[in-house]
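Enquirer: This one is run-v4.csv, CSV, C-alpha atoms.
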```csv
chain,number,residue,atom,x,y,z
T,1,MET,CA,0.3,5.4,25.1
T,2,THR,CA,-2.3,6.2,22.5
T,3,TYR,CA,-1.5,7.4,19.0
T,4,HIS,CA,-3.9,9.2,16.8
T,5,THR,CA,-4.3,9.9,13.1
T,6,THR,CA,-6.2,12.6,11.2
T,7,ARG,CA,-7.9,11.5,8.0
T,8,ARG,CA,-7.0,13.4,4.8
T,9,ARG,CA,-10.3,12.2,3.3
T,10,ILE,CA,-13.6,12.4,5.0
T,11,LEU,CA,-15.7,9.3,4.9
T,12,GLY,CA,-19.5,9.7,5.1
T,13,PHE,CA,-20.9,8.3,8.3
T,14,THR,CA,-23.4,6.1,6.4
T,15,SER,CA,-20.9,4.7,3.9
T,16,CYS,CA,-18.3,4.2,6.6
T,17,LEU,CA,-20.8,2.1,8.7
T,18,ALA,CA,-21.7,0.1,5.6
T,19,LEU,CA,-18.1,-0.6,4.7
T,20,MET,CA,-17.3,-1.6,8.3
T,21,GLY,CA,-20.2,-3.9,8.3
T,22,SER,CA,-18.9,-5.6,5.2
T,23,LEU,CA,-15.4,-5.9,6.8
T,24,MET,CA,-16.8,-7.2,10.0
T,25,ALA,CA,-18.6,-9.9,8.0
T,26,ALA,CA,-15.4,-10.7,6.0
T,27,THR,CA,-13.4,-11.8,9.0
T,28,GLY,CA,-10.2,-13.8,8.7
T,29,ASN,CA,-7.6,-11.2,7.8
T,30,SER,CA,-4.3,-13.1,7.6
T,31,GLN,CA,-3.1,-14.1,11.0
T,32,ALA,CA,0.5,-13.8,11.9
T,33,SER,CA,2.1,-17.1,12.7
T,34,PRO,CA,2.4,-17.9,16.4
T,35,THR,CA,6.1,-18.4,15.8
T,36,PRO,CA,8.1,-15.3,14.8
T,37,GLN,CA,7.9,-14.6,11.1
T,38,ARG,CA,11.0,-13.4,9.3
T,39,ALA,CA,9.8,-10.1,8.1
T,40,PHE,CA,10.9,-6.5,8.0
T,41,LYS,CA,9.7,-3.3,6.3
T,42,ASP,CA,9.9,0.5,6.1
T,43,ASP,CA,8.2,3.8,6.4
T,44,SER,CA,9.1,7.5,5.9
T,45,VAL,CA,8.6,11.0,7.1
T,46,SER,CA,8.9,14.2,5.2
T,47,HIS,CA,12.3,15.7,5.2
T,48,LYS,CA,11.4,18.9,3.5
T,49,ALA,CA,10.4,20.5,6.8
T,50,GLN,CA,13.9,19.7,8.0
T,51,ALA,CA,15.4,21.9,5.4
T,52,ALA,CA,12.9,24.7,6.2
T,53,ARG,CA,14.3,24.8,9.7
T,54,LEU,CA,17.9,25.4,8.6
T,55,PRO,CA,19.8,28.4,10.1
T,56,ALA,CA,20.1,31.4,7.8
T,57,ASN,CA,23.8,30.9,7.5
T,58,GLN,CA,23.4,27.3,6.2
T,59,SER,CA,24.6,26.8,2.6
T,60,PHE,CA,22.8,24.9,-0.1
T,61,TRP,CA,25.3,22.1,0.1
T,62,ASP,CA,25.0,22.0,3.9
T,63,ALA,CA,21.3,21.6,3.4
T,64,LEU,CA,21.7,18.7,1.1
T,65,ALA,CA,23.9,17.0,3.7
T,66,LEU,CA,20.9,17.0,6.1
T,67,GLU,CA,18.6,15.2,3.6
T,68,PRO,CA,18.1,11.4,4.2
T,69,ARG,CA,20.7,9.6,2.1
T,70,ASP,CA,18.9,6.3,1.9
T,71,ALA,CA,15.5,4.7,2.4
T,72,TRP,CA,16.4,3.5,5.9
T,73,SER,CA,17.3,7.0,7.2
T,74,ARG,CA,14.0,8.3,5.8
T,75,LEU,CA,12.1,5.5,7.4
T,76,ALA,CA,13.7,5.9,10.8
T,77,GLU,CA,12.7,9.6,10.9
T,78,ALA,CA,9.1,8.5,10.7
T,79,PHE,CA,9.1,6.1,13.7
T,80,GLN,CA,6.9,7.3,16.5
T,81,TRP,CA,6.6,4.3,18.8
T,82,GLN,CA,10.2,3.8,19.9
T,83,GLU,CA,9.5,4.6,23.6
T,84,ASP,CA,7.6,1.3,23.7
T,85,THR,CA,10.8,-0.7,23.1
T,86,ASP,CA,11.0,-1.2,26.9
T,87,GLN,CA,7.9,-3.3,26.8
T,88,ALA,CA,8.8,-6.9,27.6
T,89,ARG,CA,7.1,-8.3,24.6
T,90,VAL,CA,9.0,-6.0,22.3
T,91,GLN,CA,12.3,-7.0,23.9
T,92,GLU,CA,11.5,-10.7,23.3
T,93,TRP,CA,11.1,-10.0,19.6
T,94,ILE,CA,14.2,-7.9,19.4
T,95,ASP,CA,16.1,-10.8,20.9
T,96,HIS,CA,14.6,-13.2,18.4
T,97,TYR,CA,15.3,-11.1,15.4
T,98,ARG,CA,18.9,-10.3,16.3
T,99,GLN,CA,19.7,-14.0,16.4
T,100,SER,CA,19.1,-14.2,12.6
T,101,PRO,CA,20.4,-11.0,11.0
T,102,HIS,CA,20.8,-12.7,7.7
T,103,ASN,CA,17.0,-13.0,7.5
T,104,ILE,CA,16.7,-9.2,7.7
T,105,VAL,CA,19.1,-8.8,4.8
T,106,GLU,CA,17.2,-11.4,2.7
T,107,ILE,CA,13.8,-9.8,3.3
T,108,THR,CA,15.0,-6.2,2.8
T,109,GLU,CA,16.6,-7.2,-0.5
T,110,ARG,CA,13.2,-8.5,-1.5
T,111,ALA,CA,11.7,-5.2,-0.5
T,112,ARG,CA,14.1,-3.1,-2.7
T,113,PRO,CA,11.5,-2.2,-5.4
T,114,TRP,CA,8.8,-1.2,-3.0
T,115,LEU,CA,10.5,0.1,0.1
T,116,ALA,CA,10.8,3.8,-0.7
T,117,TRP,CA,7.5,4.0,-2.5
T,118,ILE,CA,5.5,2.6,0.4
T,119,THR,CA,7.5,4.8,2.8
T,120,GLU,CA,6.4,7.8,0.8
T,121,ARG,CA,2.7,6.7,1.0
T,122,VAL,CA,2.9,6.4,4.8
T,123,GLU,CA,4.7,9.7,5.0
T,124,GLU,CA,1.9,11.4,3.0
T,125,ARG,CA,-0.6,10.4,5.6
T,126,GLY,CA,1.5,11.3,8.6
T,127,LEU,CA,1.3,7.8,10.0
T,128,PRO,CA,3.9,6.2,12.3
T,129,GLY,CA,6.7,4.7,10.2
T,130,GLU,CA,6.3,1.4,12.1
T,131,ILE,CA,3.1,0.8,10.1
T,132,ALA,CA,5.1,0.5,6.9
T,133,LEU,CA,6.7,-2.6,8.4
T,134,ILE,CA,3.5,-4.6,8.1
T,135,PRO,CA,4.5,-6.3,4.8
T,136,PHE,CA,7.6,-7.7,6.5
T,137,ILE,CA,5.5,-9.4,9.1
T,138,GLU,CA,2.6,-10.4,6.8
T,139,SER,CA,4.4,-11.6,3.7
T,140,SER,CA,8.1,-11.2,4.1
T,141,PHE,CA,7.7,-8.6,1.4
T,142,ASP,CA,6.7,-11.1,-1.2
T,143,PRO,CA,3.9,-9.6,-3.3
T,144,ASN,CA,2.9,-13.1,-4.5
T,145,ALA,CA,2.7,-14.6,-1.0
T,146,ARG,CA,-0.4,-16.6,-0.3
T,147,SER,CA,-1.4,-18.2,3.0
T,148,HIS,CA,-3.1,-21.5,3.5
T,149,ARG,CA,-6.1,-19.6,4.7
T,150,GLY,CA,-6.5,-17.7,1.4
T,151,ALA,CA,-4.9,-14.4,2.2
T,152,ALA,CA,-2.7,-12.9,-0.6
T,153,GLY,CA,-0.3,-10.2,-1.4
T,154,LEU,CA,2.1,-7.9,0.5
T,155,TRP,CA,-0.6,-7.0,3.0
T,156,GLN,CA,-2.2,-10.4,3.1
T,157,PHE,CA,-5.8,-9.5,2.5
T,158,MET,CA,-8.5,-12.2,2.7
T,159,PRO,CA,-10.9,-12.3,-0.3
T,160,GLY,CA,-13.8,-10.9,1.6
T,161,THR,CA,-11.9,-8.1,3.2
T,162,GLY,CA,-10.2,-7.2,-0.1
T,163,HIS,CA,-13.6,-7.1,-1.8
T,164,ALA,CA,-15.0,-4.8,0.8
T,165,LEU,CA,-12.1,-2.5,0.3
T,166,GLY,CA,-12.5,-2.4,-3.5
T,167,LEU,CA,-9.7,-4.8,-4.4
T,168,ARG,CA,-11.3,-6.5,-7.4
T,169,ARG,CA,-10.7,-10.0,-8.5
T,170,GLY,CA,-11.5,-11.3,-12.0
T,171,GLY,CA,-10.7,-10.4,-15.6
T,172,GLY,CA,-7.2,-11.6,-15.2
T,173,TYR,CA,-6.5,-9.4,-12.2
T,174,ASP,CA,-6.3,-9.7,-8.4
T,175,GLY,CA,-6.2,-6.4,-6.6
T,176,ARG,CA,-4.8,-8.0,-3.5
T,177,LEU,CA,-1.6,-8.7,-5.4
T,178,ASP,CA,-1.4,-5.2,-6.9
T,179,VAL,CA,1.2,-3.6,-4.8
T,180,ALA,CA,0.0,0.0,-5.3
T,181,ARG,CA,-3.7,-0.7,-5.0
T,182,SER,CA,-3.4,-3.0,-2.0
T,183,THR,CA,-1.1,-0.5,-0.2
T,184,HIS,CA,-3.6,2.3,-0.5
T,185,ALA,CA,-6.3,0.0,0.6
T,186,ALA,CA,-4.4,-1.2,3.7
T,187,LEU,CA,-3.6,2.3,4.9
T,188,ASP,CA,-7.2,3.3,4.3
T,189,TYR,CA,-8.4,0.3,6.3
T,190,ILE,CA,-6.0,1.0,9.2
T,191,GLU,CA,-7.0,4.7,9.5
T,192,MET,CA,-10.7,3.9,9.1
T,193,GLN,CA,-10.8,1.3,11.8
T,194,ALA,CA,-8.8,3.6,14.2
T,195,GLU,CA,-11.4,6.4,13.7
T,196,GLN,CA,-14.5,4.2,13.6
T,197,TRP,CA,-13.8,2.0,16.7
T,198,TYR,CA,-10.8,3.3,18.7
T,199,GLU,CA,-10.9,7.1,18.9
T,200,GLY,CA,-7.9,7.3,16.6
T,201,ASP,CA,-5.7,4.7,18.4
T,202,LEU,CA,-3.6,3.1,15.7
T,203,GLU,CA,-2.2,0.3,17.8
T,204,LEU,CA,-5.7,-1.0,18.5
T,205,SER,CA,-6.5,-0.7,14.8
T,206,LEU,CA,-3.4,-2.8,14.0
T,207,ALA,CA,-4.6,-5.5,16.4
T,208,ALA,CA,-8.0,-5.4,14.6
T,209,TYR,CA,-6.1,-5.7,11.2
T,210,ASN,CA,-4.7,-8.9,12.5
T,211,ALA,CA,-7.5,-10.5,14.5
T,212,GLY,CA,-10.6,-8.7,13.4
T,213,ALA,CA,-12.4,-5.8,15.0
T,214,GLY,CA,-14.9,-8.0,16.8
T,215,THR,CA,-12.1,-9.9,18.7
T,216,VAL,CA,-10.4,-6.6,19.7
T,217,ASN,CA,-13.6,-4.9,20.7
T,218,ARG,CA,-14.6,-7.7,23.0
T,219,ALA,CA,-11.1,-7.8,24.6
T,220,ARG,CA,-11.2,-4.0,25.0
T,221,SER,CA,-14.6,-4.1,26.7
T,222,ALA,CA,-13.3,-6.8,29.1
T,223,ALA,CA,-10.2,-4.6,29.9
T,224,LEU,CA,-12.3,-1.5,30.5
T,225,SER,CA,-14.7,-3.5,32.8
T,226,GLN,CA,-11.6,-4.3,34.9
T,227,GLY,CA,-10.7,-0.6,35.3
T,228,LYS,CA,-7.9,-0.6,32.7
T,229,ALA,CA,-7.3,2.1,30.2
T,230,GLY,CA,-8.2,-0.2,27.3
T,231,THR,CA,-5.0,0.4,25.3
T,232,TYR,CA,-3.4,-2.3,23.1
T,233,TRP,CA,-1.0,-3.3,26.0
T,234,ASP,CA,-3.9,-3.8,28.4
T,235,LEU,CA,-5.8,-6.4,26.2
T,236,HIS,CA,-5.8,-10.2,26.4
T,237,LEU,CA,-5.8,-11.2,22.7
T,238,PRO,CA,-4.9,-14.3,20.6
T,239,ARG,CA,-1.3,-15.1,20.8
T,240,GLU,CA,-0.4,-14.0,17.3
T,241,THR,CA,-2.2,-10.6,17.9
T,242,MET,CA,-0.4,-10.1,21.2
T,243,ALA,CA,2.8,-10.3,19.2
T,244,TYR,CA,1.7,-8.2,16.3
T,245,VAL,CA,2.6,-4.6,17.5
T,246,PRO,CA,5.6,-5.8,19.4
T,247,LYS,CA,7.0,-7.3,16.2
T,248,LEU,CA,6.6,-4.0,14.4
T,249,ILE,CA,8.3,-2.0,17.1
T,250,ALA,CA,11.1,-4.6,17.5
T,251,ILE,CA,11.9,-4.5,13.8
T,252,SER,CA,11.8,-0.8,13.7
T,253,ALA,CA,14.2,-0.6,16.6
T,254,ILE,CA,16.7,-2.7,14.7
T,255,ILE,CA,16.3,-0.7,11.5
T,256,ALA,CA,16.8,2.5,13.6
T,257,GLU,CA,20.1,1.3,15.0
T,258,PRO,CA,21.4,-1.5,12.7
T,259,GLU,CA,25.0,-1.2,14.0
T,260,ARG,CA,23.8,-1.8,17.5
T,261,TYR,CA,22.3,-5.1,16.4
T,262,ASN,CA,25.1,-6.1,14.0
T,263,VAL,CA,22.8,-5.8,11.0
T,264,GLU,CA,24.0,-4.5,7.6
T,265,LEU,CA,21.0,-3.2,5.7
T,266,PRO,CA,21.3,-3.2,1.9
T,267,GLN,CA,21.7,0.2,0.2
T,268,ILE,CA,18.4,1.4,-1.1
T,269,GLY,CA,17.8,5.0,-2.3
T,270,ALA,CA,15.5,7.3,-0.5
T,271,SER,CA,13.6,8.2,-3.7
T,272,PRO,CA,10.9,5.7,-4.8
T,273,ALA,CA,12.1,3.2,-7.5
T,274,VAL,CA,8.7,3.0,-9.0
T,275,ALA,CA,5.9,5.3,-10.1
T,276,GLU,CA,2.2,4.9,-10.9
T,277,VAL,CA,1.1,5.6,-14.5
T,278,PRO,CA,-2.7,6.0,-15.1
T,279,LEU,CA,-4.1,3.9,-17.9
T,280,THR,CA,-6.8,5.0,-20.3
T,281,GLN,CA,-6.7,2.3,-23.0
T,282,PRO,CA,-6.5,-1.5,-23.0
T,283,MET,CA,-3.3,-3.1,-24.2
T,284,ASN,CA,-1.2,-6.2,-23.7
T,285,LEU,CA,1.7,-6.2,-21.3
T,286,GLY,CA,4.3,-6.3,-24.0
T,287,GLU,CA,3.0,-3.1,-25.5
T,288,ALA,CA,3.0,-1.4,-22.1
T,289,ALA,CA,6.6,-2.6,-21.6
T,290,ARG,CA,7.6,-1.2,-25.0
T,291,MET,CA,6.1,2.2,-24.1
T,292,ALA,CA,7.9,2.2,-20.7
T,293,GLY,CA,11.2,1.1,-22.3
T,294,VAL,CA,11.6,-1.9,-20.0
T,295,SER,CA,11.4,-5.7,-20.5
T,296,HIS,CA,8.2,-7.6,-20.4
T,297,ALA,CA,9.5,-9.6,-17.4
T,298,ALA,CA,10.5,-6.5,-15.5
T,299,LEU,CA,7.0,-4.9,-15.9
T,300,ALA,CA,5.3,-8.1,-15.0
T,301,ASP,CA,7.4,-8.3,-11.7
T,302,LEU,CA,6.2,-4.8,-10.8
T,303,ASN,CA,2.6,-5.6,-11.4
T,304,PRO,CA,1.9,-9.0,-9.9
T,305,GLY,CA,-1.8,-8.3,-9.8
T,306,LEU,CA,-1.9,-8.9,-13.5
T,307,LEU,CA,-2.6,-12.6,-13.8
T,308,GLY,CA,-2.6,-12.6,-17.6
T,309,ASN,CA,-1.0,-10.6,-20.4
T,310,ARG,CA,-3.8,-8.1,-20.9
T,311,VAL,CA,-4.0,-4.7,-19.2
T,312,ASP,CA,-7.6,-3.4,-19.1
T,313,PRO,CA,-8.4,-0.1,-17.5
T,314,ARG,CA,-11.8,-1.5,-16.5
T,315,HIS,CA,-9.9,-3.5,-13.9
T,316,VAL,CA,-6.4,-2.0,-13.7
T,317,LYS,CA,-6.5,1.8,-13.4
T,318,ARG,CA,-2.8,2.3,-13.0
T,319,LEU,CA,0.5,0.4,-13.7
T,320,LEU,CA,3.6,0.6,-11.6
T,321,VAL,CA,6.7,1.2,-13.8
T,322,PRO,CA,10.3,2.1,-12.9
T,323,ALA,CA,10.4,5.7,-11.8
T,324,ASP,CA,12.8,6.8,-14.5
T,325,SER,CA,10.4,5.3,-17.2
T,326,ALA,CA,7.2,7.0,-16.1
T,327,GLU,CA,7.6,10.2,-18.2
T,328,GLN,CA,8.5,8.2,-21.3
T,329,MET,CA,5.4,6.0,-20.9
T,330,LEU,CA,3.1,8.9,-20.3
T,331,ALA,CA,4.4,10.6,-23.4
T,332,GLN,CA,3.8,7.4,-25.4
T,333,LEU,CA,0.3,7.1,-24.1
T,334,ARG,CA,-0.4,10.8,-25.0
T,335,GLY,CA,1.0,10.2,-28.4
T,336,THR,CA,-1.1,7.1,-29.0
T,337,ALA,CA,-4.3,8.9,-27.8
T,338,ARG,CA,-3.6,11.8,-30.3
T,339,GLN,CA,-3.0,9.4,-33.1
T,340,ARG,CA,-6.2,7.5,-32.5
T,341,THR,CA,-8.1,10.8,-32.2
T,342,ALA,CA,-6.7,11.9,-35.6
T,343,THR,CA,-7.4,8.6,-37.4
T,344,ASN,CA,-10.7,8.0,-35.5
T,345,ASP,CA,-9.8,4.4,-35.2
T,346,GLY,CA,-13.2,3.0,-34.4
T,347,ASP,CA,-12.5,-0.7,-34.8
T,348,ASP,CA,-11.8,-1.4,-31.1
T,349,ILE,CA,-11.2,2.0,-29.4
T,350,TYR,CA,-13.0,5.3,-29.5
T,351,VAL,CA,-11.6,8.5,-28.2
T,352,VAL,CA,-14.2,10.7,-26.6
T,353,ARG,CA,-14.7,14.1,-28.2
T,354,ARG,CA,-16.2,17.3,-26.8
T,355,GLY,CA,-20.0,17.1,-27.0
T,356,ASP,CA,-20.1,13.3,-27.1
T,357,SER,CA,-22.6,11.3,-25.1
T,358,LEU,CA,-22.3,7.6,-24.2
T,359,SER,CA,-25.7,6.9,-25.9
T,360,ALA,CA,-24.6,8.6,-29.1
T,361,ILE,CA,-21.3,6.7,-29.2
T,362,ALA,CA,-23.2,3.4,-28.6
T,363,SER,CA,-25.6,4.2,-31.4
T,364,ARG,CA,-22.9,5.3,-33.8
T,365,HIS,CA,-20.9,2.1,-33.4
T,366,ALA,CA,-24.0,-0.2,-33.2
T,367,VAL,CA,-23.4,-1.5,-29.7
T,368,ALA,CA,-25.8,-1.7,-26.7
T,369,LEU,CA,-25.5,1.2,-24.3
T,370,ALA,CA,-25.5,-1.1,-21.3
T,371,ASP,CA,-22.7,-3.2,-22.9
T,372,LEU,CA,-20.6,-0.1,-23.7
T,373,ALA,CA,-21.0,1.1,-20.1
T,374,ARG,CA,-20.1,-2.3,-18.7
T,375,TRP,CA,-17.1,-2.9,-20.9
T,376,ASN,CA,-15.6,0.4,-19.8
T,377,GLY,CA,-16.6,0.3,-16.1
T,378,ILE,CA,-18.7,3.5,-16.5
T,379,GLU,CA,-21.2,4.1,-13.7
T,380,ARG,CA,-22.0,7.7,-14.6
T,381,PRO,CA,-22.5,8.1,-18.4
T,382,ASP,CA,-22.7,11.9,-17.9
T,383,ALA,CA,-19.1,12.0,-16.7
T,384,LEU,CA,-17.4,11.3,-20.0
T,385,GLN,CA,-14.3,13.5,-20.6
T,386,PRO,CA,-12.8,14.5,-23.9
T,387,GLY,CA,-9.8,12.4,-24.6
T,388,GLN,CA,-11.1,9.4,-22.6
T,389,GLN,CA,-10.7,6.1,-24.5
T,390,LEU,CA,-13.5,3.6,-24.7
T,391,THR,CA,-13.2,0.0,-25.8
T,392,LEU,CA,-16.0,-0.9,-28.3
T,393,SER,CA,-16.0,-4.6,-27.6
T,394,GLY,CA,-16.1,-6.9,-24.7
T,395,SER,CA,-13.0,-8.9,-25.9
```
Would you mind writing the file out in structure tokens?

Expert:
Amino acid sequence: MTYHTTRRRILGFTSCLALMGSLMAATGNSQASPTPQRAFKDDSVSHKAQAARLPANQSFWDALALEPRDAWSRLAEAFQWQEDTDQARVQEWIDHYRQSPHNIVEITERARPWLAWITERVEERGLPGEIALIPFIESSFDPNARSHRGAAGLWQFMPGTGHALGLRRGGGYDGRLDVARSTHAALDYIEMQAEQWYEGDLELSLAAYNAGAGTVNRARSAALSQGKAGTYWDLHLPRETMAYVPKLIAISAIIAEPERYNVELPQIGASPAVAEVPLTQPMNLGEAARMAGVSHAALADLNPGLLGNRVDPRHVKRLLVPADSAEQMLAQLRGTARQRTATNDGDDIYVVRRGDSLSAIASRHAVALADLARWNGIERPDALQPGQQLTLSGS
């Protein structure tokens, strides 16, 4: 069966082809091990529509009872590929995973900070929940995971693929290790490949995510030449790719019915435990932690893409913080911006005022226009916004 997706964002045909060309050249996305990897992950589906369908005589408290009570319930509602559990390859992986239920517990505990947040991102796009299980297979949900081939992060991006998708490396930062940024990039990549090459077939896109689009396209052409439909299940692919989608479906089947497989999933709330906070000023991680009201170590754990102690908006546009700390940090950032505007602290930071131009700011502070643009990652000097904070040095 073929599954399709509708993009929320329209990619220009020319830019899409250019990006796909870069990705095709940057082959070598992390390959799943030929032996079963111990990995599991989650996804989610909107539960607001469920409440909207309540009978007129349903009370408020009855409605609350229908809401998902944990991340696993929310994830299971998003599964779309469960009818494929009868596939022989899926059954083989179900049998494998059920032999080591303790591995599921270990990996799902590691997923605790990210599970509901990634579920929500998949839910927003209307993608099958099974797709949110990819980090279980790729990295056992370790955001610092690195393969011997050079892949890194939850989603195991190779350097070339990551670069083509905008995951920057350098300046004390690796976007492949940034949980938020790499998640957005991975979902973009899967949707883009499905539309570009496979008429919206997400299973074929997942095969290409693992083996590369060239490998899948050749296998598909061979299947079509033999009179087959050309779906994922028709293709002869490398062994690890033949197991890729079956693993996702096998894991999802166990998560959907944990009692049936004697698995006790850890309790994880349905609401995301983390939130993204946009950055407008450089700071050290200790200062960011103080603003969020959390420990330095806790904030570092949530932002493994930061390889040093410096947070620079030229490289890191957003930080992940505990969800209940986001409002506090935003308030602190607004207060700092107002204070700097009032004092016009021009030693290191300048806050853009109405009517400012980048060239005027550069002249006023005796710096080169090109340097000022480069230090702040500005590609369009005419797009300055009042309140925007600019660093006035390259340090």

Enquirer: Which distance in Å separates atom CA of Thr231 of chain T and atom CA of Glu203 of chain T, to one decimal?

Expert: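 Rounded to one decimal, the two atoms are 8.0 Å apart.
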
Enquirer: Which is closest to Glu130 of chain T among T:Lys247, T:Lys317, T:His163, T:Arg353, if we use only C-alpha atoms?

Expert: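 Ranking T:Lys247, T:Lys317, T:His163, T:Arg353 by distance to Glu130 of chain T, first place goes to T:Lys247.
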
Enquirer: Between T:Pro381, T:Gly230, T:Gly172, T:Gly129, which residue has the minimum interatomic distance to Ala253 of chain T, considering only C-alpha atoms?

Expert: T:Gly129

Enquirer: Please report as a tab-separated table every residue of segment 304-388 of chain T lying within 12 Å of segment 137-145 of chain T, along with the nearest atom pair and their distance in Å (one decimal), using only C-alpha atoms.

Expert:
```
residue	atom	partner	partner_atom	distance
T:Pro304	CA	T:Asn144	CA	6.9
T:Gly305	CA	T:Asn144	CA	8.6
T:Leu306	CA	T:Asn144	CA	11.0
T:Leu307	CA	T:Asn144	CA	10.8
```

Enquirer: Out of T:Leu265, T:Arg220, T:Ser205, T:Gln193, which residue has the shortest atom-to-atom distance to Arg110 of chain T when counting only C-alpha atoms?

Expert: T:Leu265

Enquirer: Find the residue from T:Gln196, T:Ser225, T:Ser295, T:Ser182 that sits nearest to Ala152 of chain T; use only C-alpha atoms when measuring.

Expert: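 The closest residue to Ala152 of chain T is T:Ser182.
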